[in-house]
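Student: Structure file entry08.txt (compact mmCIF, C-alpha atoms) is given on the next line.
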# COMPACT_ATOMS: atom_id res chain seq x y z
CA MET A 1 75.82 78.75 -12.54
CA LEU A 2 75.35 78.91 -8.88
CA ILE A 3 72.04 80.66 -9.30
CA GLY A 4 70.74 77.91 -11.62
CA LYS A 5 71.60 75.17 -9.13
CA TYR A 6 69.94 77.07 -6.31
CA GLN A 7 66.76 77.60 -8.35
CA SER A 8 66.65 73.97 -9.40
CA SER A 9 66.96 72.55 -5.86
CA HIS A 10 64.58 75.20 -4.50
CA SER A 11 61.84 74.34 -7.03
CA SER A 12 62.47 70.63 -6.46
CA ARG A 13 61.69 71.09 -2.75
CA TYR A 14 58.45 72.91 -3.58
CA GLN A 15 57.45 70.16 -6.00
CA SER A 16 58.10 67.41 -3.44
CA GLY A 17 56.05 69.42 -0.90
CA TYR A 18 53.11 69.58 -3.29
CA LEU A 19 53.51 65.89 -3.99
CA LEU A 20 53.35 65.07 -0.27
CA VAL A 21 50.27 67.27 0.20
CA GLY A 22 48.65 65.59 -2.82
CA LEU A 23 49.40 62.13 -1.42
CA LEU A 24 47.99 63.12 1.95
CA ILE A 25 44.76 64.32 0.32
CA LEU A 26 44.55 61.13 -1.75
CA ILE A 27 44.98 58.99 1.39
CA MET A 28 42.25 60.98 3.16
CA VAL A 29 39.82 60.56 0.24
CA VAL A 30 40.51 56.82 -0.04
CA GLY A 31 40.10 56.42 3.75
CA TYR A 32 36.78 58.25 3.65
CA ALA A 33 35.58 56.11 0.73
CA LEU A 34 36.58 52.91 2.55
CA ALA A 35 34.81 54.05 5.73
CA ALA A 36 31.64 54.79 3.74
CA ALA A 37 31.85 51.39 2.00
CA GLY A 38 32.35 49.67 5.37
CA ALA A 39 29.28 51.40 6.79
CA LYS A 40 27.18 50.34 3.78
CA PHE A 41 28.42 46.76 4.09
CA SER A 42 27.65 46.74 7.82
CA GLU A 43 24.14 48.08 7.17
CA ALA A 44 23.52 45.46 4.47
CA ARG A 45 24.76 42.70 6.79
CA LYS A 46 22.44 43.93 9.56
CA ARG A 47 19.48 43.85 7.16
CA GLU A 48 20.37 40.30 6.09
CA ARG A 49 20.58 39.11 9.70
CA GLU A 50 17.28 40.79 10.49
CA GLN A 51 15.57 39.05 7.56
CA GLU A 52 17.11 35.76 8.67
CA LEU A 53 15.78 36.36 12.21
CA LEU A 54 12.28 36.82 10.81
CA LYS A 55 12.59 33.65 8.75
CA VAL A 56 14.10 31.46 11.49
CA GLY A 57 11.79 32.83 14.18
CA ASP A 58 8.78 32.10 12.01
CA THR A 59 10.07 28.58 11.30
CA ILE A 60 10.41 27.87 15.03
CA ARG A 61 6.96 29.39 15.73
CA LYS A 62 5.38 27.12 13.09
CA ALA A 63 7.21 24.07 14.47
CA ILE A 64 5.86 24.83 17.96
CA GLY A 65 2.37 25.14 16.44
CA ASN A 66 2.69 21.79 14.66
CA TYR A 67 3.87 20.11 17.87
CA TYR A 68 0.96 21.66 19.79
CA ASN A 69 -1.70 20.81 17.20
CA GLN A 70 -0.50 17.22 16.73
CA THR A 71 -0.62 16.43 20.42
CA PRO A 72 -2.52 13.16 20.81
CA GLY A 73 -5.70 13.44 22.85
CA VAL A 74 -7.91 16.36 23.77
CA VAL A 75 -5.52 18.36 25.97
CA LYS A 76 -2.95 20.08 23.79
CA GLN A 77 0.63 20.52 24.99
CA TYR A 78 3.49 22.78 24.06
CA PRO A 79 6.91 21.17 23.64
CA PRO A 80 8.79 20.87 26.95
CA ASN A 81 11.93 22.32 25.29
CA LEU A 82 13.21 23.19 21.82
CA GLU A 83 14.93 19.81 21.48
CA ALA A 84 11.48 18.16 21.47
CA LEU A 85 10.89 19.82 18.08
CA LEU A 86 13.77 17.78 16.66
CA LYS A 87 12.44 14.45 17.88
CA ASP A 88 8.88 14.02 19.12
CA VAL A 89 8.75 10.64 20.85
CA ARG A 90 5.04 10.81 21.77
CA PHE A 91 4.19 8.68 18.73
CA PRO A 92 5.17 5.14 17.68
CA GLN A 93 7.14 6.68 14.82
CA THR A 94 9.27 9.68 15.74
CA LYS A 95 8.08 12.99 14.27
CA ARG A 96 10.38 15.88 13.45
CA TYR A 97 9.17 19.47 13.31
CA LEU A 98 12.62 21.00 12.81
CA ARG A 99 15.66 19.54 11.06
CA LYS A 100 18.06 21.35 13.40
CA LEU A 101 18.10 23.89 16.21
CA TYR A 102 18.89 27.20 14.59
CA SER A 103 21.26 29.69 16.13
CA ASP A 104 20.14 33.27 16.60
CA PRO A 105 21.02 35.10 13.36
CA VAL A 106 21.51 38.44 15.12
CA THR A 107 23.82 37.30 17.92
CA GLN A 108 25.36 34.53 15.76
CA ARG A 109 25.22 32.23 18.81
CA GLU A 110 23.19 29.24 19.85
CA GLY A 111 20.42 29.84 22.32
CA TRP A 112 17.20 31.76 22.37
CA GLY A 113 15.10 33.46 24.97
CA ILE A 114 12.20 31.15 25.82
CA LEU A 115 8.57 32.21 26.24
CA GLU A 116 6.94 29.77 28.59
CA ALA A 117 3.31 28.82 28.10
CA PRO A 118 0.97 29.32 31.07
CA SER A 119 0.39 25.55 31.18
CA GLY A 120 4.13 24.83 30.82
CA GLY A 121 6.34 24.19 27.85
CA VAL A 122 7.80 26.41 25.16
CA MET A 123 5.27 28.75 23.61
CA GLY A 124 7.78 30.81 21.65
CA VAL A 125 11.27 32.23 21.32
CA TYR A 126 12.96 35.61 21.08
CA SER A 127 16.44 36.87 20.28
CA LEU A 128 18.82 37.58 23.14
CA SER A 129 20.22 40.58 21.27
CA ALA A 130 19.93 44.07 22.73
CA ALA A 131 20.76 45.64 19.34
CA LYS A 132 18.39 48.16 17.80
CA PRO A 133 16.42 46.79 14.82
CA TYR A 134 16.83 48.31 11.39
CA LYS A 135 13.20 47.67 10.45
CA THR A 136 10.63 49.31 12.73
CA LYS A 137 7.56 49.66 10.48
CA ASN A 138 5.58 47.91 7.72
CA PHE A 139 5.64 44.39 9.13
CA ARG A 140 3.30 41.69 7.94
CA LEU A 141 0.01 41.64 9.82
CA MET A 142 1.13 38.65 11.89
CA TYR A 143 4.16 40.59 13.17
CA ARG A 144 2.56 44.01 13.52
CA HIS A 145 3.47 43.90 17.21
CA PHE A 146 7.17 44.24 16.19
CA GLU A 147 6.59 47.84 15.12
CA ASN A 148 8.47 50.51 17.09
CA LYS A 149 10.31 47.97 19.26
CA LYS A 150 13.58 49.28 20.70
CA TYR A 151 15.63 46.08 20.41
CA TYR A 152 15.47 42.60 18.88
CA GLY A 153 14.76 40.99 22.27
CA GLU A 154 11.25 42.43 22.02
CA TRP A 155 10.48 40.50 18.85
CA TYR A 156 8.52 37.48 20.16
CA PHE A 157 7.88 34.50 17.86
CA ALA A 158 5.11 32.75 19.78
CA TYR A 159 2.49 30.23 18.76
CA VAL A 160 -0.92 31.21 20.10
CA PRO A 161 -3.71 28.80 19.17
CA LEU A 162 -6.84 30.30 17.70
CA SER A 163 -9.82 29.95 19.96
CA ILE A 164 -13.03 28.98 18.22
CA SER A 165 -16.12 30.43 19.83
CA LYS A 166 -19.63 29.20 19.01
Go ahead and render the structure in this file as structure tokens.
Tutor:
Amino acid sequence: MLIGKYQSSHSSRYQSGYLLVGLLILIMVVGYALAAAGAKFSEARKREREQELLKVGDTIRKAIGNYYNQTPGVVKQYPPNLEALLKDVRFPQTKRYLRKLYSDPVTQREGWGILEAPSGGVMGVYSLSAAKPYKTKNFRLMYRHFENKKYYGEWYFAYVPLSISK
């Protein structure tokens, strides 16, 4: 009888050892799967923010262009600041080129880098992020200059009027 008890407790210890090793492997596999899922989610979020940056930057660029082109008189002017795009008081009835000042989608904060026009005013904006862009090729023709840029701060959304030569 003594031998049977010894064999039973001895095999029980081996079984619990295998169980612990199995649980450890299971925890490692689940941890790896969660890390991979987190990386995919982070990548997807970065792509979304990048697309939002393109959309918001283009919206601001167009608003600057509308402000510039609707300047009364012959000499065109860029807006003195981004707030002027919300409420243009140069006309009897206030004009609005933007509904709100957008925050930078990449940094998730208010504030943009400002490109000043040679004659003064805001000619364009850029992100203050030093993060590396996900997209580096195959931009629309208008944003071909974004290709191979090292960080988002090099993506300039500027309104440049077309010059008509005769």
Student: Could you tell me how far atom CA of A:Ala63 lies from atom CA of A:Tyr102, in Å and to one decimal?
Tutor: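 Answer for the atom CA of A:Ala63 to atom CA of A:Tyr102 separation: 12.1 Å.
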Student: Which residue out of A:Tyr134, A:Phe41, A:Tyr32, A:Tyr78 has the minimum interatomic distance to A:Val160 when only C-alpha atoms are used?
Tutor: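 Of all the options, A:Tyr78 lies closest to A:Val160.
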Student: Given the choices A:Gly57, A:Gly113, A:Pro80, A:Gly124, which gets closest to A:Gly153 if the distance is worked out from only C-alpha atoms?
Tutor: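 With only C-alpha atoms as the atom set, the closest residue is A:Gly113.
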Student: Separation of atom CA of A:Val125 and atom CA of A:Arg45, in Å?
Tutor: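 Distance reported for this atom pair: 22.4 Å.
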Student: Give the answer as one residue: which of A:Met142, A:Ala158, A:Leu53, A:Leu101 has the shortest atom-to-atom distance to A:Glu116, using only C-alpha atoms?
Tutor: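 Checking each candidate against A:Glu116, we get A:Ala158 as the closest.
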Student: Choose the residue, out of A:Val122, A:Ile27, A:Leu82, A:Ala35, that has the smallest atom-to-atom separation from A:Glu110; count all atoms listed in the file.
Tutor: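 Using all atoms listed in the file, the shortest distance to A:Glu110 belongs to A:Leu82.
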Student: As a PDB file, in the coordinates of the input, please: stretch 74-85 of chain A completed to all heavy atoms.
Tutor:
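Output file out-v7.pdb is given in full below:
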ATOM      1  N   VAL A  74      -7.136  15.120  23.755  1.00  0.00           N
ATOM      2  CA  VAL A  74      -7.910  16.360  23.770  1.00  0.00           C
ATOM      3  C   VAL A  74      -7.081  17.528  24.311  1.00  0.00           C
ATOM      4  O   VAL A  74      -7.149  18.640  23.796  1.00  0.00           O
ATOM      5  CB  VAL A  74      -9.186  16.176  24.623  1.00  0.00           C
ATOM      6  CG1 VAL A  74      -9.987  17.459  24.674  1.00  0.00           C
ATOM      7  CG2 VAL A  74     -10.032  15.050  24.077  1.00  0.00           C
ATOM      8  N   VAL A  75      -6.306  17.295  25.346  1.00  0.00           N
ATOM      9  CA  VAL A  75      -5.520  18.360  25.970  1.00  0.00           C
ATOM     10  C   VAL A  75      -4.241  18.575  25.182  1.00  0.00           C
ATOM     11  O   VAL A  75      -3.397  17.686  25.084  1.00  0.00           O
ATOM     12  CB  VAL A  75      -5.202  18.012  27.447  1.00  0.00           C
ATOM     13  CG1 VAL A  75      -4.371  19.111  28.079  1.00  0.00           C
ATOM     14  CG2 VAL A  75      -6.478  17.778  28.224  1.00  0.00           C
ATOM     15  N   LYS A  76      -4.117  19.756  24.611  1.00  0.00           N
ATOM     16  CA  LYS A  76      -2.950  20.080  23.790  1.00  0.00           C
ATOM     17  C   LYS A  76      -1.789  20.504  24.681  1.00  0.00           C
ATOM     18  O   LYS A  76      -1.987  21.091  25.748  1.00  0.00           O
ATOM     19  CB  LYS A  76      -3.276  21.201  22.799  1.00  0.00           C
ATOM     20  CG  LYS A  76      -4.420  20.858  21.852  1.00  0.00           C
ATOM     21  CD  LYS A  76      -4.052  19.678  20.989  1.00  0.00           C
ATOM     22  CE  LYS A  76      -5.153  19.341  20.011  1.00  0.00           C
ATOM     23  NZ  LYS A  76      -4.929  18.115  19.303  1.00  0.00           N
ATOM     24  N   GLN A  77      -0.578  20.201  24.227  1.00  0.00           N
ATOM     25  CA  GLN A  77       0.630  20.520  24.990  1.00  0.00           C
ATOM     26  C   GLN A  77       1.643  21.233  24.107  1.00  0.00           C
ATOM     27  O   GLN A  77       1.784  20.899  22.930  1.00  0.00           O
ATOM     28  CB  GLN A  77       1.290  19.262  25.524  1.00  0.00           C
ATOM     29  CG  GLN A  77       0.487  18.489  26.512  1.00  0.00           C
ATOM     30  CD  GLN A  77       1.209  17.210  26.892  1.00  0.00           C
ATOM     31  OE1 GLN A  77       1.933  16.626  26.084  1.00  0.00           O
ATOM     32  NE2 GLN A  77       1.001  16.768  28.121  1.00  0.00           N
ATOM     33  N   TYR A  78       2.351  22.161  24.712  1.00  0.00           N
ATOM     34  CA  TYR A  78       3.490  22.780  24.060  1.00  0.00           C
ATOM     35  C   TYR A  78       4.703  21.883  24.276  1.00  0.00           C
ATOM     36  O   TYR A  78       4.732  21.098  25.235  1.00  0.00           O
ATOM     37  CB  TYR A  78       3.764  24.157  24.661  1.00  0.00           C
ATOM     38  CG  TYR A  78       2.789  25.221  24.208  1.00  0.00           C
ATOM     39  CD1 TYR A  78       1.734  25.616  25.010  1.00  0.00           C
ATOM     40  CD2 TYR A  78       2.945  25.836  22.969  1.00  0.00           C
ATOM     41  CE1 TYR A  78       0.846  26.596  24.598  1.00  0.00           C
ATOM     42  CE2 TYR A  78       2.063  26.813  22.543  1.00  0.00           C
ATOM     43  CZ  TYR A  78       1.020  27.199  23.363  1.00  0.00           C
ATOM     44  OH  TYR A  78       0.148  28.164  22.940  1.00  0.00           O
ATOM     45  N   PRO A  79       5.709  21.986  23.421  1.00  0.00           N
ATOM     46  CA  PRO A  79       6.910  21.170  23.640  1.00  0.00           C
ATOM     47  C   PRO A  79       7.583  21.545  24.959  1.00  0.00           C
ATOM     48  O   PRO A  79       7.605  22.719  25.325  1.00  0.00           O
ATOM     49  CB  PRO A  79       7.797  21.500  22.430  1.00  0.00           C
ATOM     50  CG  PRO A  79       7.289  22.785  21.903  1.00  0.00           C
ATOM     51  CD  PRO A  79       5.841  22.858  22.249  1.00  0.00           C
ATOM     52  N   PRO A  80       8.136  20.562  25.680  1.00  0.00           N
ATOM     53  CA  PRO A  80       8.790  20.870  26.950  1.00  0.00           C
ATOM     54  C   PRO A  80      10.071  21.700  26.771  1.00  0.00           C
ATOM     55  O   PRO A  80      10.466  22.444  27.668  1.00  0.00           O
ATOM     56  CB  PRO A  80       9.100  19.498  27.553  1.00  0.00           C
ATOM     57  CG  PRO A  80       9.081  18.553  26.396  1.00  0.00           C
ATOM     58  CD  PRO A  80       8.149  19.133  25.386  1.00  0.00           C
ATOM     59  N   ASN A  81      10.714  21.554  25.611  1.00  0.00           N
ATOM     60  CA  ASN A  81      11.930  22.320  25.290  1.00  0.00           C
ATOM     61  C   ASN A  81      12.077  22.343  23.762  1.00  0.00           C
ATOM     62  O   ASN A  81      11.314  21.683  23.047  1.00  0.00           O
ATOM     63  CB  ASN A  81      13.163  21.698  25.967  1.00  0.00           C
ATOM     64  CG  ASN A  81      13.270  20.216  25.689  1.00  0.00           C
ATOM     65  OD1 ASN A  81      13.087  19.749  24.571  1.00  0.00           O
ATOM     66  ND2 ASN A  81      13.547  19.444  26.735  1.00  0.00           N
ATOM     67  N   LEU A  82      13.033  23.088  23.277  1.00  0.00           N
ATOM     68  CA  LEU A  82      13.210  23.190  21.820  1.00  0.00           C
ATOM     69  C   LEU A  82      13.706  21.883  21.213  1.00  0.00           C
ATOM     70  O   LEU A  82      13.406  21.588  20.056  1.00  0.00           O
ATOM     71  CB  LEU A  82      14.178  24.327  21.482  1.00  0.00           C
ATOM     72  CG  LEU A  82      13.670  25.744  21.755  1.00  0.00           C
ATOM     73  CD1 LEU A  82      14.743  26.776  21.421  1.00  0.00           C
ATOM     74  CD2 LEU A  82      12.402  26.026  20.957  1.00  0.00           C
ATOM     75  N   GLU A  83      14.435  21.095  21.983  1.00  0.00           N
ATOM     76  CA  GLU A  83      14.930  19.810  21.480  1.00  0.00           C
ATOM     77  C   GLU A  83      13.793  18.866  21.111  1.00  0.00           C
ATOM     78  O   GLU A  83      13.941  18.015  20.243  1.00  0.00           O
ATOM     79  CB  GLU A  83      15.870  19.151  22.496  1.00  0.00           C
ATOM     80  CG  GLU A  83      17.214  19.831  22.648  1.00  0.00           C
ATOM     81  CD  GLU A  83      17.179  21.121  23.468  1.00  0.00           C
ATOM     82  OE1 GLU A  83      16.186  21.371  24.200  1.00  0.00           O
ATOM     83  OE2 GLU A  83      18.134  21.908  23.344  1.00  0.00           O
ATOM     84  N   ALA A  84      12.639  19.011  21.760  1.00  0.00           N
ATOM     85  CA  ALA A  84      11.480  18.160  21.470  1.00  0.00           C
ATOM     86  C   ALA A  84      10.968  18.398  20.051  1.00  0.00           C
ATOM     87  O   ALA A  84      10.285  17.539  19.485  1.00  0.00           O
ATOM     88  CB  ALA A  84      10.365  18.400  22.480  1.00  0.00           C
ATOM     89  N   LEU A  85      11.305  19.545  19.461  1.00  0.00           N
ATOM     90  CA  LEU A  85      10.890  19.820  18.080  1.00  0.00           C
ATOM     91  C   LEU A  85      11.740  19.037  17.084  1.00  0.00           C
ATOM     92  O   LEU A  85      11.337  18.841  15.949  1.00  0.00           O
ATOM     93  CB  LEU A  85      11.007  21.324  17.785  1.00  0.00           C
ATOM     94  CG  LEU A  85      10.126  22.231  18.651  1.00  0.00           C
ATOM     95  CD1 LEU A  85      10.447  23.691  18.367  1.00  0.00           C
ATOM     96  CD2 LEU A  85       8.658  21.939  18.409  1.00  0.00           C
TER      97      LEU A  85
END
